[in-house]
Amino acid sequence: MKKVIILGILCVFTGVLSSQDIPPELIPPFIDCETNIPLIDDPQMIQQQDLGTCVNLYGIFNSLGNKFIPSQTQPIIYIRLNLIFLQRDDSTGNFQENNSYEQALINDVISYVNTIYANWVDPNDASCLNGYSFLPNTRIQFVIGNKLFVNDSYGWDNRNDLQTFKCPGSSNWYLNYLDDQIVNNSSVSRGINVYFTEDSQIYDKYVVQQSQDTTFTGDSYSCSQYPDYTNYYRTSKVHMLNKFSIYNWQRYAIPNLSKFNYPEWESIVRYWYIGGTAVNLAHELGHSLGLGHSYICNTLMNPSGGSHNFLPPLEIGKIHAALTFSNLRSFIPIDTYVGIKQINTNETWYNMRLYNSLDISSIASLTSNCDVIMPYQSNIQISGSLTINNSNIQSIQNIWNGIIVKSGGLLVLNNTNISDYNIKVESGGTIHITGNINISGNHNITVESGGYYCFESGVSVELSDYNSIIKLEEDAINGVNPFLSIQSNCISTLTVLPVTGFGSIVDYGQDVYIQNETISTNRYVGGKNIYVGNHVTSSQTTGDVIINNDANVIFDGKDVTFDDGFECVNGSTYEVVNH
Ligand SMILES: [Zn+2]
């Protein structure tokens with residue numbers, strides 16, 4: 001519903017603004033700092049990239065932008081903004097929470113920022129595109145997570161910010177104490193924190209005195225902060241200066257000024273204000289999303305002029321890369337999912353939050369040496385190969401749909417924890433376990449009939465919980481699919497595999513006999529046919545089977561036979577699953 005309303009407003013603006021060119025002097029200058037992250041050619045950053053570490057991915061982000069250019073039909077990724085209005089201790093001095101006219105103005109600014117990001121204008125100049133096709137839509141939009149109105153006379157007055165350009169990325173930014181409070185407030189969802197502050201002297205001049213100056217004399221620039229590619233929990237901030245004073249000057253002075261030809265506020269100047277403030281914020285958010293300054297064509301990121309209505313496709317790709325590699329990941333709603341990403345090349349991956357399912361084609365191999373976070377609803381389908389190497393694949397919050405190894409596909413697990421997903425190996429697929437693995441919770445690896453499994457000699461397996469199960473269906477094959485031509489030294493029988501924990505490896509190709517045993521802890525018993533009793537097999541000593549101590553036992557087989565000498569003591573339970 002919210003989205004429908006936003007789109008409705010956008011259409012109105014597009015029409016009005018295109019017929020009302022904003023006087024250039026009413027578009028704030030783009031003076032803002034870029035000191036937090038070195039430029040791409042900084043040797044230190046290149047060195048860090050070469051180290052192949054999982055974090056500090058600035059160089060990676062810059063070099064992989066081309067792999068993240070979104071299709072124009074990809075679902076929109078929404079990024080939360082928190083708008084924070086500093087007020088004086090008596091609640092005055094800025095846009096007011098209970099003033100619906102002023103709040104509509106702010107909402108219109110954000111809507112127009114979204115219009116800008118969804119409607120880039122083709123410069124019709126191949127040199128602007130770097131060999132890519134023009135893209136009209138970034139496929140990201142901003143949503144207002146929270147509007148906060150903070151009574152704080154000190155913070156309200158940006159004269160207390162003693163830095164040259166009052167940039168919020170600095171370690172001694174004057175509002176860092178407030179940002180810490182907001183980030184630590186669990187009732188405020190994480191978002192890019194956009195601070196609106198005022199200069200007390202400028203406020204006095206334009207709001208209190210309603211000066212009829214022909215030119216606004218206060219600071220009208222803003223400053224932003226680049227993403228962090230190492231600390232994913234870092235905040236991101238934008239500092240918007242004097243926007244309330246500018247609003248008052250434009251509203252109460254400009255309509256009286258011959259310099260501007262006496263334009264009416266409501267039908268003309270109001271749109272100048274929205275457009276000028278929006279393009280200013282859109283540019284700052286471009287920095288927040290990882291983009292540096294650029295002077296080509298009409299790019300939004302030009303700091304010194306132009307129409308700011310274009311973004312090169314590679315820059316759009318860099319934004320999406322930054323959403324994957326940086327702290328921006330924490331500003332994206334957890335239910336964000338944008339469909340299936342095809343992997344058709346050989347890749348090595350880093351610490352990432354993904355927004356797609358993955359389909360690894362038969363010609364591709366993907367090696368994950370670092371932790372990858374999958375979106376909910378997603379899965380990974382492997383027709384080529386995936387190696388999870390000394391790292392973990394997890395989900396953003398909910399359980400995801402896990403990994404499916406297709407015929408001809410190969411999944412290599414080398415030291416990993418499986419804590420929130422299942423793995424299924426289909427006929428002709430292979431799971432090759434080359435390093436220790438841990439499965440916890442109600443999760444399992446299932447090798448279907450005709451699927452291959454190989455536990456490399458020397459590997460140990462921990463199955464933490466009693467329903468952490470490795471399931472080998474009847475006619476699952478011990479070994480690696482010979483089609484793959486892979487060196488392996490698989491153990492010949494699972495009885496020699498070191499297994500710890502409460503879970504089980506169940507082989508649905510083998511009959512199971514439970515005899516002469518007291519089961520006192522939860523257990524999962526699986527097999528082809530299961531026989532339970534005091535004389536069901538001659539290969540074990542006769543004796544009763546007793547389940548006690550409140551244990552729950554699951555018997556999972558084609559046929560489960562309970563013979564003489566089986567007892568489930570009061571308080572304990574068992575259940576039969578027909579496999
Ligand atoms: Zn800038």
# chains A, B, ... in the order shown; residues from 1 in each chain; ligands from 1
>>> residues_near_ligand(ligand="ligand 1", cutoff="10 Å", atoms="only C-alpha atoms and all ligand atoms", output="list in words")
Pro29, Phe30, Ile31, Asp32, Cys33, Glu34, Tyr221, Ser222, Cys223, Ser224, Gln225, Asn280, Leu281, Ala282, His283, Glu284, Leu285, Gly286, His287, Ser288, Leu291, Gly292, His293, Ser294, Leu300, Met301, Asn302, Pro303 and Ser304 of chain A
>>> write_last_selection(atoms="N, CA and C atoms", output="CSV table (one decimal), in the first residue's frame")
chain,number,residue,atom,x,y,z
A,29,PRO,N,25.3,23.3,-3.4
A,29,PRO,CA,26.6,22.9,-3.9
A,29,PRO,C,26.9,21.5,-3.3
A,30,PHE,N,27.7,20.7,-4.1
A,30,PHE,CA,28.1,19.4,-3.6
A,30,PHE,C,29.5,19.4,-3.0
A,31,ILE,N,29.6,20.1,-2.0
A,31,ILE,CA,30.9,20.1,-1.2
A,31,ILE,C,30.8,19.1,-0.2
A,32,ASP,N,31.5,18.0,-0.3
A,32,ASP,CA,31.4,17.0,0.7
A,32,ASP,C,32.7,16.2,0.7
A,33,CYS,N,33.0,15.7,1.9
A,33,CYS,CA,34.3,15.1,2.0
A,33,CYS,C,34.3,13.6,1.6
A,34,GLU,N,35.5,13.2,1.2
A,34,GLU,CA,35.6,11.8,0.7
A,34,GLU,C,36.9,11.2,1.4
A,221,TYR,N,25.4,23.3,1.6
A,221,TYR,CA,25.9,21.9,1.2
A,221,TYR,C,25.5,20.9,2.3
A,222,SER,N,25.8,19.7,1.9
A,222,SER,CA,25.6,18.6,2.8
A,222,SER,C,26.8,17.6,2.8
A,223,CYS,N,26.9,16.7,3.7
A,223,CYS,CA,28.1,15.8,3.7
A,223,CYS,C,27.6,14.4,4.1
A,224,SER,N,28.3,13.4,3.4
A,224,SER,CA,27.9,12.0,3.7
A,224,SER,C,29.1,11.2,4.1
A,225,GLN,N,28.9,9.9,4.1
A,225,GLN,CA,29.9,9.0,4.7
A,225,GLN,C,29.9,7.7,3.8
A,280,ASN,N,20.3,17.2,-4.0
A,280,ASN,CA,21.3,17.2,-3.0
A,280,ASN,C,21.4,16.0,-2.1
A,281,LEU,N,20.2,15.5,-1.6
A,281,LEU,CA,20.2,14.3,-0.8
A,281,LEU,C,20.5,13.1,-1.7
A,282,ALA,N,20.0,13.1,-2.9
A,282,ALA,CA,20.3,11.9,-3.8
A,282,ALA,C,21.8,11.8,-4.0
A,283,HIS,N,22.5,12.9,-4.2
A,283,HIS,CA,23.9,12.9,-4.4
A,283,HIS,C,24.6,12.3,-3.1
A,284,GLU,N,24.2,12.8,-2.0
A,284,GLU,CA,24.8,12.4,-0.7
A,284,GLU,C,24.6,10.9,-0.5
A,285,LEU,N,23.3,10.4,-0.8
A,285,LEU,CA,23.0,9.0,-0.7
A,285,LEU,C,23.9,8.2,-1.7
A,286,GLY,N,24.2,8.8,-2.8
A,286,GLY,CA,25.1,8.1,-3.8
A,286,GLY,C,26.5,7.8,-3.1
A,287,HIS,N,27.0,8.8,-2.3
A,287,HIS,CA,28.2,8.5,-1.5
A,287,HIS,C,27.9,7.4,-0.5
A,288,SER,N,26.7,7.5,0.2
A,288,SER,CA,26.4,6.5,1.2
A,288,SER,C,26.4,5.1,0.6
A,291,LEU,N,29.5,5.4,-3.9
A,291,LEU,CA,30.0,6.1,-5.1
A,291,LEU,C,30.8,7.3,-4.8
A,292,GLY,N,31.9,7.4,-5.5
A,292,GLY,CA,32.7,8.6,-5.4
A,292,GLY,C,32.3,9.7,-6.4
A,293,HIS,N,33.0,10.8,-6.4
A,293,HIS,CA,32.7,11.8,-7.4
A,293,HIS,C,33.2,11.4,-8.8
A,294,SER,N,32.5,12.0,-9.8
A,294,SER,CA,32.8,11.7,-11.2
A,294,SER,C,32.4,12.9,-12.0
A,300,LEU,N,25.0,12.1,-11.5
A,300,LEU,CA,24.5,12.5,-10.2
A,300,LEU,C,25.7,12.8,-9.4
A,301,MET,N,26.8,12.1,-9.6
A,301,MET,CA,28.0,12.3,-8.7
A,301,MET,C,29.0,13.3,-9.1
A,302,ASN,N,28.6,14.2,-10.1
A,302,ASN,CA,29.4,15.3,-10.4
A,302,ASN,C,29.3,16.3,-9.3
A,303,PRO,N,30.4,16.7,-8.7
A,303,PRO,CA,30.3,17.6,-7.5
A,303,PRO,C,30.2,19.1,-7.9
A,304,SER,N,30.3,19.4,-9.2
A,304,SER,CA,30.5,20.8,-9.6
A,304,SER,C,29.5,21.3,-10.6
>>> residues_around(residues="segment 72-75 of chain A", least_positions_apart="3", cutoff="9 Å", atoms="only C-alpha atoms", output="list of chain:residue names")
A:Leu135, A:Pro136, A:Asn137, A:Thr138, A:Arg139, A:Ile140, A:Tyr337, A:Val338, A:Gly339
>>> residues_around(residues="Asn248 of chain A", least_positions_apart="3", cutoff="9 Å", atoms="only C-alpha atoms", output="PDB file with C-alpha atoms, in the first residue's frame")
ATOM      1  CA  TYR A 203      18.053  30.388  11.558  1.00  0.00           C
ATOM      2  CA  TYR A 206      15.796  33.612   7.801  1.00  0.00           C
ATOM      3  CA  VAL A 207      13.267  32.027  10.137  1.00  0.00           C
ATOM      4  CA  GLN A 210      12.457  36.428   7.660  1.00  0.00           C
ATOM      5  CA  LYS A 243      17.318  22.847   5.163  1.00  0.00           C
ATOM      6  CA  PHE A 244      14.681  24.450   7.389  1.00  0.00           C
ATOM      7  CA  SER A 245      16.241  27.907   7.052  1.00  0.00           C
ATOM      8  CA  ARG A 251       9.046  30.405   0.972  1.00  0.00           C
ATOM      9  CA  TYR A 252       9.045  33.921   2.441  1.00  0.00           C
ATOM     10  CA  ALA A 253      11.678  35.784   0.398  1.00  0.00           C
TER      11      ALA A 253
END
>>> residues_around(residues="Gly509 of chain A", least_positions_apart="6", cutoff="9 Å", atoms="only C-alpha atoms", output="list in words")
Leu472, Glu473, Glu474, Asp475, Ala476, Gly527, Lys528 and Asn529 of chain A
>>> residues_around(residues="Asn442 of chain A", least_positions_apart="2", cutoff="7 Å", atoms="only C-alpha atoms", output="MDAnalysis selection string")
chainID A and resid 440 444 467:468
>>> write_last_selection(atoms="C-alpha atoms", output="mmCIF file, in the first residue's frame")
data_model
loop_
_atom_site.group_PDB
_atom_site.id
_atom_site.type_symbol
_atom_site.label_atom_id
_atom_site.label_comp_id
_atom_site.auth_asym_id
_atom_site.auth_seq_id
_atom_site.Cartn_x
_atom_site.Cartn_y
_atom_site.Cartn_z
ATOM 1 C CA SER A 440 23.212 -28.948 14.350
ATOM 2 C CA ASN A 444 20.179 -32.980 7.533
ATOM 3 C CA ASN A 467 17.635 -34.881 14.823
ATOM 4 C CA SER A 468 20.829 -33.747 13.034
#
>>> select_by_dssp(residues="segment 329-493 of chain A", states="strand (DSSP E or B)", output="ChimeraX atom specification")
/A:340-343,347-349,352-353,357-360,365-368,372-374,380-382,385-389,393-395,403-405,410-414,416-418,423-425,430-433,437-439,444-447,452-456,461-463,469-472,477-478,490
>>> select_by_dssp(residues="segment 312-380 of chain A", states="helix (DSSP H, G or I)", output="JSON, numbers by chain")
{"A": [313, 314, 315, 316, 317, 318, 319, 320, 321, 322, 323, 324, 325, 327, 328, 329, 330, 331]}
>>> write_last_selection(atoms="N, CA and C atoms", output="tab-separated table (two decimals), in the first residue's frame")
chain	number	residue	atom	x	y	z
A	313	PRO	N	25.90	2.74	-15.93
A	313	PRO	CA	25.51	1.39	-15.51
A	313	PRO	C	26.51	0.73	-14.55
A	314	LEU	N	27.80	0.98	-14.77
A	314	LEU	CA	28.79	0.38	-13.88
A	314	LEU	C	28.66	0.94	-12.46
A	315	GLU	N	28.29	2.20	-12.35
A	315	GLU	CA	28.09	2.80	-11.02
A	315	GLU	C	26.85	2.18	-10.36
A	316	ILE	N	25.83	1.89	-11.14
A	316	ILE	CA	24.65	1.21	-10.61
A	316	ILE	C	25.05	-0.17	-10.09
A	317	GLY	N	25.90	-0.87	-10.85
A	317	GLY	CA	26.40	-2.17	-10.40
A	317	GLY	C	27.18	-2.05	-9.11
A	318	LYS	N	27.97	-0.97	-8.99
A	318	LYS	CA	28.76	-0.78	-7.76
A	318	LYS	C	27.84	-0.59	-6.55
A	319	ILE	N	26.74	0.10	-6.74
A	319	ILE	CA	25.79	0.26	-5.63
A	319	ILE	C	25.32	-1.11	-5.15
A	320	HIS	N	24.94	-1.97	-6.10
A	320	HIS	CA	24.45	-3.30	-5.71
A	320	HIS	C	25.57	-4.14	-5.09
A	321	ALA	N	26.81	-3.94	-5.58
A	321	ALA	CA	27.93	-4.64	-4.95
A	321	ALA	C	28.12	-4.16	-3.51
A	322	ALA	N	27.97	-2.86	-3.30
A	322	ALA	CA	28.14	-2.31	-1.95
A	322	ALA	C	27.05	-2.85	-1.01
A	323	LEU	N	25.84	-3.06	-1.51
A	323	LEU	CA	24.78	-3.62	-0.67
A	323	LEU	C	25.14	-5.04	-0.23
A	324	THR	N	25.94	-5.72	-1.03
A	324	THR	CA	26.36	-7.09	-0.74
A	324	THR	C	27.58	-7.15	0.17
A	325	PHE	N	28.54	-6.21	-0.06
A	325	PHE	CA	29.84	-6.33	0.59
A	325	PHE	C	30.02	-5.45	1.83
A	327	ASN	N	28.57	-2.57	5.15
A	327	ASN	CA	27.61	-2.41	6.24
A	327	ASN	C	26.23	-2.01	5.74
A	328	LEU	N	26.09	-1.62	4.48
A	328	LEU	CA	24.77	-1.28	3.95
A	328	LEU	C	23.81	-2.46	4.08
A	329	ARG	N	24.39	-3.68	4.16
A	329	ARG	CA	23.56	-4.87	4.28
A	329	ARG	C	22.60	-4.78	5.46
A	330	SER	N	22.99	-4.05	6.49
A	330	SER	CA	22.13	-4.03	7.69
A	330	SER	C	20.98	-3.03	7.57
A	331	PHE	N	20.93	-2.29	6.46
A	331	PHE	CA	19.84	-1.33	6.27
A	331	PHE	C	18.77	-1.85	5.31
>>> residues_around(residues="Thr518 of chain A", least_positions_apart="2", cutoff="12 Å", atoms="only C-alpha atoms", output="list of chain:residue names")
A:Ile514, A:Gln515, A:Asn516, A:Ser520, A:Thr521, A:Asn522, A:Arg523, A:Val532, A:Gly533, A:Asn534, A:Gly543, A:Asp544, A:Val545, A:Ile546, A:Ile547, A:Asn548, A:Asn549, A:Ala551, A:Val553, A:Gly565, A:Phe566, A:Glu567, A:Cys568, A:Val569, A:Ser572
>>> residues_around(residues="Pro333 of chain A", least_positions_apart="5", cutoff="8 Å", atoms="only C-alpha atoms", output="number ranges by chain")
A: 78-80
>>> closest_residue(among="A:Ala104, A:Leu241, A:Ala118, A:Ile470", to="Leu311 of chain A", atoms="only C-alpha atoms")
A:Ala118
>>> closest_residue(among="A:Asn99, A:Gln342, A:Thr348, A:Thr416", to="Gln381 of chain A", atoms="only C-alpha atoms")
A:Gln342
>>> closest_residue(among="A:Thr235, A:Asn176, A:Ser71, A:Ser200", to="Lys341 of chain A", atoms="only C-alpha atoms")
A:Ser71
>>> closest_residue(among="A:Met240, A:Ile77, A:Leu162, A:Ala278", to="Asp108 of chain A", atoms="only C-alpha atoms")
A:Ala278
